[in-house]
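Before any comments, here is the structure.
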Protein chains: 2
Amino acid sequence: MISPTADESAGHPASGLNDIVHQRVRLGILTIARESPRVEFTYLRTNLEVSAGNLSQHLGVLENAGLITIEKGYAGKRARTWVALTAAGRTALAAEITQLKLLISQIEADQTSPG
Amino acid sequence: MISPTADESAGHPASGLNDIVHQRVRLGILTIARESPRVEFTYLRTNLEVSAGNLSQHLGVLENAGLITIEKGYAGKRARTWVALTAAGRTALAAEITQLKLLISQIEADQTSPG
């Protein structure tokens with residue numbers, strides 16, 4: 001189960017990041033899936049520059065967490081896999097963005113130190 | 001070897017994220033280490049809410065990548081481990097932040113879609 005609240009911990013912003021959402025490829029999947037009602041597997045693979053196996057693995061993690069749905073079908077004679085963000089996925093992505101902004105603002109507040 | 005340039009890839013911002021830096025605990029280590037000349041192991045562990053073993057593992061990854069240095073010593077009779085950001089670590093963290101901002105701005109440019 002995902003806990004999408006961003007400020008659950010009083011610790012460092014990084015400790016409030018959710019590994020399921022934060023992981024690089026999964027963050028990319030969620031971000032791209034957010035842009036349209038559904039997105040095709042090949043489109044994700046091309047844009048995120050990952051292997052089909054790697055992408056499938058990360059899609060499985062997100063599906064198990066209830067953050068996306070995966071639908072298999074056909075476009076003409078070609079088998080296609082479609083990915084769609086769930087409401088929980090949208091919420092989890094928003095929480096990640098909130099937490100990242102907190103982290104960034106903390107770093108930038110410290111920009112007076114020698115770079 | 002780390003490639004700290006943020007815009008190496010013309011693909012999605014997520015594909016430009018560096019896994020070594022982006023991983024949640026390691027991003028936390030680098031962010032905290034950025035704030036002072038050196039930071040103590042226990043301080044990192046408390047702030048990032050991770051086990052000693054987990055923290056050690058991530059410190060090893062960062063040290064091998066040349067992003068931090070690890071120094072062991074004593075404070076009185078107590079053994080202490082100190083972590084310091086290298087110049088490469090500072091550059092890699094800056095590249096991560098640049099890439100995260102790009103990702104966030106891309107998501108927020110799309111905020112007109114139903115939330």
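Identifiers in this document derive from the order of the structure tokens: chains are assigned A, B, ..., residues are numbered from 1 separately in each chain, and ligands are numbered from 1 in order of occurrence.
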
Which residues are near Leu103 (chain A)? Cut-off 9 Å, only C-alpha atoms, ignore same chain within fewer than 6 positions. Put them as an mmCIF file with N, CA, C and O atoms, in the first residue's frame.
data_model
loop_
_atom_site.group_PDB
_atom_site.id
_atom_site.type_symbol
_atom_site.label_atom_id
_atom_site.label_comp_id
_atom_site.auth_asym_id
_atom_site.auth_seq_id
_atom_site.Cartn_x
_atom_site.Cartn_y
_atom_site.Cartn_z
ATOM 1 N N HIS A 12 14.104 14.681 7.169
ATOM 2 C CA HIS A 12 14.585 15.302 5.943
ATOM 3 C C HIS A 12 13.604 15.041 4.796
ATOM 4 O O HIS A 12 13.006 13.983 4.747
ATOM 5 N N PRO A 13 13.464 16.021 3.874
ATOM 6 C CA PRO A 13 12.559 15.794 2.744
ATOM 7 C C PRO A 13 12.819 14.478 2.014
ATOM 8 O O PRO A 13 11.876 13.834 1.549
ATOM 9 N N ALA A 14 14.067 14.068 1.918
ATOM 10 C CA ALA A 14 14.380 12.820 1.211
ATOM 11 C C ALA A 14 13.761 11.612 1.900
ATOM 12 O O ALA A 14 13.439 10.617 1.260
ATOM 13 N N GLY B 28 19.314 11.986 -0.414
ATOM 14 C CA GLY B 28 19.292 12.555 0.929
ATOM 15 C C GLY B 28 20.692 12.758 1.493
ATOM 16 O O GLY B 28 21.009 13.805 2.058
ATOM 17 N N THR B 31 22.333 15.690 -0.263
ATOM 18 C CA THR B 31 21.691 16.951 0.119
ATOM 19 C C THR B 31 22.141 17.394 1.504
ATOM 20 O O THR B 31 22.457 18.565 1.726
#

Exercise. Which residues, written as number ranges by chain, have at least one atom at most 12 Å from Gln57 (chain A), with only C-alpha atoms counted and residues fewer than 5 positions away on the same chain left out?
Worked result: A: 25-26, 29, 50-52, 62-64

Just the selected residues (N, CA and C atoms), exported as an mmCIF file, in the first residue's frame, please.
data_model
loop_
_atom_site.group_PDB
_atom_site.id
_atom_site.type_symbol
_atom_site.label_atom_id
_atom_site.label_comp_id
_atom_site.auth_asym_id
_atom_site.auth_seq_id
_atom_site.Cartn_x
_atom_site.Cartn_y
_atom_site.Cartn_z
ATOM 1 N N VAL A 25 12.940 5.337 -13.415
ATOM 2 C CA VAL A 25 12.107 4.877 -14.534
ATOM 3 C C VAL A 25 10.620 4.992 -14.179
ATOM 4 N N ARG A 26 10.291 4.635 -12.917
ATOM 5 C CA ARG A 26 8.873 4.699 -12.518
ATOM 6 C C ARG A 26 8.369 6.137 -12.474
ATOM 7 N N ILE A 29 7.611 6.958 -15.986
ATOM 8 C CA ILE A 29 6.355 6.328 -16.437
ATOM 9 C C ILE A 29 5.160 7.150 -15.960
ATOM 10 N N VAL A 50 14.706 2.677 -22.012
ATOM 11 C CA VAL A 50 14.928 1.449 -21.236
ATOM 12 C C VAL A 50 14.588 0.245 -22.102
ATOM 13 N N SER A 51 15.059 -0.916 -21.663
ATOM 14 C CA SER A 51 14.734 -2.148 -22.376
ATOM 15 C C SER A 51 13.287 -2.539 -22.077
ATOM 16 N N ALA A 52 12.729 -3.365 -22.929
ATOM 17 C CA ALA A 52 11.356 -3.838 -22.727
ATOM 18 C C ALA A 52 11.238 -4.583 -21.392
ATOM 19 N N LEU A 62 4.402 -0.709 -10.376
ATOM 20 C CA LEU A 62 3.393 0.358 -10.313
ATOM 21 C C LEU A 62 1.972 -0.203 -10.340
ATOM 22 N N GLU A 63 1.787 -1.256 -11.123
ATOM 23 C CA GLU A 63 0.457 -1.875 -11.184
ATOM 24 C C GLU A 63 0.119 -2.523 -9.840
ATOM 25 N N ASN A 64 1.075 -3.231 -9.270
ATOM 26 C CA ASN A 64 0.856 -3.873 -7.964
ATOM 27 C C ASN A 64 0.543 -2.858 -6.874
#

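Using only C-alpha atoms, the smallest distance between any of A:Thr81, A:Ser36, A:Asn47, A:Thr86 and chain B comes from A:Asn47.
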
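Listed by chain and then by rising number, the residues of chain B that DSSP assigns to strand (DSSP E or B) from the backbone are B:Val39, B:Glu40, B:Ile68, B:Thr69, B:Ile70, B:Glu71, B:Lys72, B:Gly73, B:Tyr74, B:Ala75, B:Arg78, B:Ala79, B:Arg80, B:Thr81, B:Trp82, B:Val83, B:Ala84, B:Leu85.
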
Restrict the selected residues to N, CA, C and O atoms and save them as an mmCIF file, in the first residue's frame.
data_model
loop_
_atom_site.group_PDB
_atom_site.id
_atom_site.type_symbol
_atom_site.label_atom_id
_atom_site.label_comp_id
_atom_site.auth_asym_id
_atom_site.auth_seq_id
_atom_site.Cartn_x
_atom_site.Cartn_y
_atom_site.Cartn_z
ATOM 1 N N VAL B 39 29.743 15.624 7.586
ATOM 2 C CA VAL B 39 28.569 15.261 8.364
ATOM 3 C C VAL B 39 28.781 13.865 8.951
ATOM 4 O O VAL B 39 29.424 13.007 8.339
ATOM 5 N N GLU B 40 28.261 13.663 10.135
ATOM 6 C CA GLU B 40 28.504 12.412 10.851
ATOM 7 C C GLU B 40 27.495 11.335 10.452
ATOM 8 O O GLU B 40 26.320 11.621 10.210
ATOM 9 N N ILE B 68 31.479 11.274 -2.743
ATOM 10 C CA ILE B 68 31.761 11.613 -1.336
ATOM 11 C C ILE B 68 33.091 10.996 -0.922
ATOM 12 O O ILE B 68 33.591 10.075 -1.577
ATOM 13 N N THR B 69 33.634 11.510 0.164
ATOM 14 C CA THR B 69 34.739 10.822 0.827
ATOM 15 C C THR B 69 34.253 10.387 2.209
ATOM 16 O O THR B 69 33.391 11.040 2.812
ATOM 17 N N ILE B 70 34.785 9.279 2.681
ATOM 18 C CA ILE B 70 34.418 8.755 3.996
ATOM 19 C C ILE B 70 35.677 8.707 4.856
ATOM 20 O O ILE B 70 36.716 8.195 4.421
ATOM 21 N N GLU B 71 35.572 9.273 6.038
ATOM 22 C CA GLU B 71 36.732 9.356 6.931
ATOM 23 C C GLU B 71 36.333 8.773 8.286
ATOM 24 O O GLU B 71 35.291 9.136 8.842
ATOM 25 N N LYS B 72 37.136 7.861 8.783
ATOM 26 C CA LYS B 72 36.836 7.282 10.094
ATOM 27 C C LYS B 72 37.778 7.877 11.134
ATOM 28 O O LYS B 72 38.941 8.108 10.850
ATOM 29 N N GLY B 73 37.242 8.144 12.311
ATOM 30 C CA GLY B 73 38.080 8.743 13.342
ATOM 31 C C GLY B 73 37.422 8.614 14.703
ATOM 32 O O GLY B 73 36.544 7.773 14.887
ATOM 33 N N TYR B 74 37.853 9.434 15.632
ATOM 34 C CA TYR B 74 37.310 9.381 16.981
ATOM 35 C C TYR B 74 36.857 10.759 17.437
ATOM 36 O O TYR B 74 37.477 11.764 17.114
ATOM 37 N N ALA B 75 35.766 10.773 18.184
ATOM 38 C CA ALA B 75 35.354 11.970 18.904
ATOM 39 C C ALA B 75 35.420 11.550 20.364
ATOM 40 O O ALA B 75 34.542 10.843 20.861
ATOM 41 N N ARG B 78 34.797 7.716 21.257
ATOM 42 C CA ARG B 78 33.805 7.124 20.362
ATOM 43 C C ARG B 78 34.281 7.120 18.913
ATOM 44 O O ARG B 78 34.670 8.152 18.379
ATOM 45 N N ALA B 79 34.177 5.958 18.288
ATOM 46 C CA ALA B 79 34.473 5.859 16.857
ATOM 47 C C ALA B 79 33.412 6.616 16.086
ATOM 48 O O ALA B 79 32.226 6.511 16.389
ATOM 49 N N ARG B 80 33.874 7.400 15.132
ATOM 50 C CA ARG B 80 32.943 8.174 14.321
ATOM 51 C C ARG B 80 33.290 8.021 12.842
ATOM 52 O O ARG B 80 34.446 7.815 12.484
ATOM 53 N N THR B 81 32.266 8.123 12.012
ATOM 54 C CA THR B 81 32.462 8.113 10.562
ATOM 55 C C THR B 81 31.952 9.424 10.009
ATOM 56 O O THR B 81 30.815 9.807 10.269
ATOM 57 N N TRP B 82 32.833 10.096 9.263
ATOM 58 C CA TRP B 82 32.474 11.397 8.690
ATOM 59 C C TRP B 82 32.359 11.295 7.184
ATOM 60 O O TRP B 82 33.146 10.620 6.533
ATOM 61 N N VAL B 83 31.385 11.983 6.666
ATOM 62 C CA VAL B 83 31.118 11.975 5.225
ATOM 63 C C VAL B 83 31.256 13.395 4.694
ATOM 64 O O VAL B 83 30.738 14.334 5.304
ATOM 65 N N ALA B 84 31.966 13.544 3.597
ATOM 66 C CA ALA B 84 32.109 14.870 2.981
ATOM 67 C C ALA B 84 31.837 14.777 1.481
ATOM 68 O O ALA B 84 32.225 13.809 0.823
ATOM 69 N N LEU B 85 31.162 15.782 0.963
ATOM 70 C CA LEU B 85 30.874 15.865 -0.457
ATOM 71 C C LEU B 85 32.151 16.240 -1.208
ATOM 72 O O LEU B 85 32.906 17.091 -0.758
#

For this session: Could you please select, counting only C-alpha atoms, the residues of chain B within 10 Å of chain A and state them as number ranges by chain?
Result: B: 9-19, 22-29, 31-32, 34-36, 44, 46-50, 87, 90-91, 93-94, 96-98, 100-101, 103-104, 106-108, 110-111, 113, 115

Can I get the selected residues back with N, CA and C atoms, as a compact mmCIF listing (two decimals), in the first residue's frame?
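Below is the file again13.txt, written as the result:
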# COMPACT_ATOMS: atom_id res chain seq x y z
N SER B 9 20.74 13.74 -22.68
CA SER B 9 19.77 13.04 -23.49
C SER B 9 18.70 14.01 -23.96
N ALA B 10 18.23 13.79 -25.17
CA ALA B 10 17.17 14.63 -25.70
C ALA B 10 15.81 14.06 -25.33
N GLY B 11 15.78 12.92 -24.63
CA GLY B 11 14.53 12.26 -24.27
C GLY B 11 13.82 12.93 -23.11
N HIS B 12 13.00 12.17 -22.45
CA HIS B 12 12.24 12.65 -21.31
C HIS B 12 13.18 13.06 -20.17
N PRO B 13 12.81 14.11 -19.40
CA PRO B 13 13.67 14.50 -18.27
C PRO B 13 14.04 13.34 -17.35
N ALA B 14 13.13 12.39 -17.17
CA ALA B 14 13.43 11.27 -16.28
C ALA B 14 14.56 10.41 -16.81
N SER B 15 14.74 10.38 -18.14
CA SER B 15 15.82 9.57 -18.70
C SER B 15 17.17 10.24 -18.50
N GLY B 16 17.15 11.52 -18.13
CA GLY B 16 18.39 12.22 -17.84
C GLY B 16 18.80 12.15 -16.39
N LEU B 17 17.96 11.53 -15.56
CA LEU B 17 18.31 11.38 -14.14
C LEU B 17 19.36 10.30 -13.98
N ASN B 18 20.30 10.55 -13.09
CA ASN B 18 21.38 9.60 -12.82
C ASN B 18 20.99 8.76 -11.61
N ASP B 19 20.86 7.44 -11.82
CA ASP B 19 20.40 6.55 -10.74
C ASP B 19 21.26 6.65 -9.48
N HIS B 22 20.05 9.91 -7.97
CA HIS B 22 18.60 10.06 -7.82
C HIS B 22 18.02 9.17 -6.72
N GLN B 23 18.60 8.02 -6.48
CA GLN B 23 18.05 7.09 -5.50
C GLN B 23 17.78 7.83 -4.18
N ARG B 24 16.62 7.57 -3.60
CA ARG B 24 16.11 8.35 -2.47
C ARG B 24 17.12 8.58 -1.34
N VAL B 25 17.71 7.50 -0.82
CA VAL B 25 18.63 7.63 0.33
C VAL B 25 19.89 8.38 -0.09
N ARG B 26 20.40 8.06 -1.29
CA ARG B 26 21.63 8.72 -1.75
C ARG B 26 21.39 10.21 -2.02
N LEU B 27 20.22 10.53 -2.56
CA LEU B 27 19.88 11.94 -2.77
C LEU B 27 19.84 12.66 -1.42
N GLY B 28 19.31 11.99 -0.41
CA GLY B 28 19.29 12.55 0.93
C GLY B 28 20.69 12.76 1.49
N ILE B 29 21.55 11.77 1.32
CA ILE B 29 22.94 11.88 1.80
C ILE B 29 23.63 13.08 1.18
N THR B 31 22.33 15.69 -0.26
CA THR B 31 21.69 16.95 0.12
C THR B 31 22.14 17.39 1.50
N ILE B 32 22.18 16.45 2.42
CA ILE B 32 22.59 16.79 3.79
C ILE B 32 24.09 17.11 3.82
N ARG B 34 25.83 18.36 1.64
CA ARG B 34 26.05 19.65 0.98
C ARG B 34 26.02 20.82 1.96
N GLU B 35 25.34 20.61 3.09
CA GLU B 35 25.09 21.71 4.03
C GLU B 35 26.27 22.07 4.92
N SER B 36 27.23 21.18 5.04
CA SER B 36 28.37 21.48 5.91
C SER B 36 29.62 20.77 5.40
N LEU B 44 23.28 11.38 9.68
CA LEU B 44 22.64 10.96 8.43
C LEU B 44 21.58 9.89 8.70
N THR B 46 19.88 9.23 11.42
CA THR B 46 18.71 9.76 12.10
C THR B 46 17.84 10.56 11.15
N ASN B 47 18.47 11.43 10.37
CA ASN B 47 17.71 12.30 9.48
C ASN B 47 17.06 11.56 8.33
N LEU B 48 17.72 10.53 7.85
CA LEU B 48 17.19 9.82 6.69
C LEU B 48 16.36 8.59 7.09
N GLU B 49 16.35 8.31 8.38
CA GLU B 49 15.52 7.21 8.89
C GLU B 49 15.80 5.89 8.17
N VAL B 50 17.08 5.53 8.13
CA VAL B 50 17.49 4.27 7.53
C VAL B 50 18.32 3.48 8.54
N ALA B 87 33.91 17.65 -4.95
CA ALA B 87 33.49 18.60 -6.00
C ALA B 87 32.60 17.89 -7.02
N ARG B 90 29.16 17.55 -5.62
CA ARG B 90 28.42 18.82 -5.68
C ARG B 90 27.88 19.06 -7.10
N THR B 91 28.71 18.76 -8.08
CA THR B 91 28.30 18.93 -9.48
C THR B 91 27.16 17.97 -9.84
N LEU B 93 25.00 16.59 -7.81
CA LEU B 93 23.77 16.99 -7.13
C LEU B 93 23.13 18.17 -7.86
N ALA B 94 23.94 19.12 -8.30
CA ALA B 94 23.41 20.26 -9.04
C ALA B 94 22.74 19.80 -10.34
N GLU B 96 21.36 16.89 -10.87
CA GLU B 96 20.11 16.23 -10.47
C GLU B 96 19.02 17.27 -10.23
N ILE B 97 19.36 18.33 -9.52
CA ILE B 97 18.37 19.36 -9.22
C ILE B 97 17.88 20.04 -10.50
N THR B 98 18.82 20.30 -11.42
CA THR B 98 18.44 20.87 -12.71
C THR B 98 17.43 19.98 -13.44
N LEU B 100 15.51 17.62 -12.11
CA LEU B 100 14.25 17.53 -11.37
C LEU B 100 13.38 18.75 -11.65
N LYS B 101 14.01 19.92 -11.73
CA LYS B 101 13.25 21.13 -12.01
C LYS B 101 12.62 21.07 -13.40
N LEU B 103 11.76 18.34 -14.94
CA LEU B 103 10.66 17.37 -14.81
C LEU B 103 9.43 18.03 -14.19
N ILE B 104 9.66 18.77 -13.11
CA ILE B 104 8.56 19.43 -12.41
C ILE B 104 7.91 20.48 -13.30
N GLN B 106 7.78 20.53 -16.46
CA GLN B 106 7.04 19.85 -17.51
C GLN B 106 5.68 19.38 -16.99
N ILE B 107 5.66 18.87 -15.77
CA ILE B 107 4.40 18.43 -15.18
C ILE B 107 3.49 19.62 -14.93
N GLU B 108 4.07 20.71 -14.44
CA GLU B 108 3.23 21.85 -14.08
C GLU B 108 2.73 22.61 -15.29
N ASP B 110 1.53 21.20 -17.62
CA ASP B 110 0.41 20.34 -18.04
C ASP B 110 -0.74 20.40 -17.03
N GLN B 111 -0.65 21.31 -16.06
CA GLN B 111 -1.65 21.37 -14.98
C GLN B 111 -3.03 21.79 -15.46
N SER B 113 -4.71 20.15 -17.57
CA SER B 113 -5.49 18.92 -17.72
C SER B 113 -6.19 18.62 -16.40
N GLY B 115 -7.30 17.48 -12.92
CA GLY B 115 -6.48 16.96 -11.85
C GLY B 115 -7.14 15.84 -11.14

Problem set entry | Picked from chain A by DSSP as alpha helix (DSSP H), as a PyMOL selection string | chain A and resi 19-22+24-33+41-48+52-64+87-109
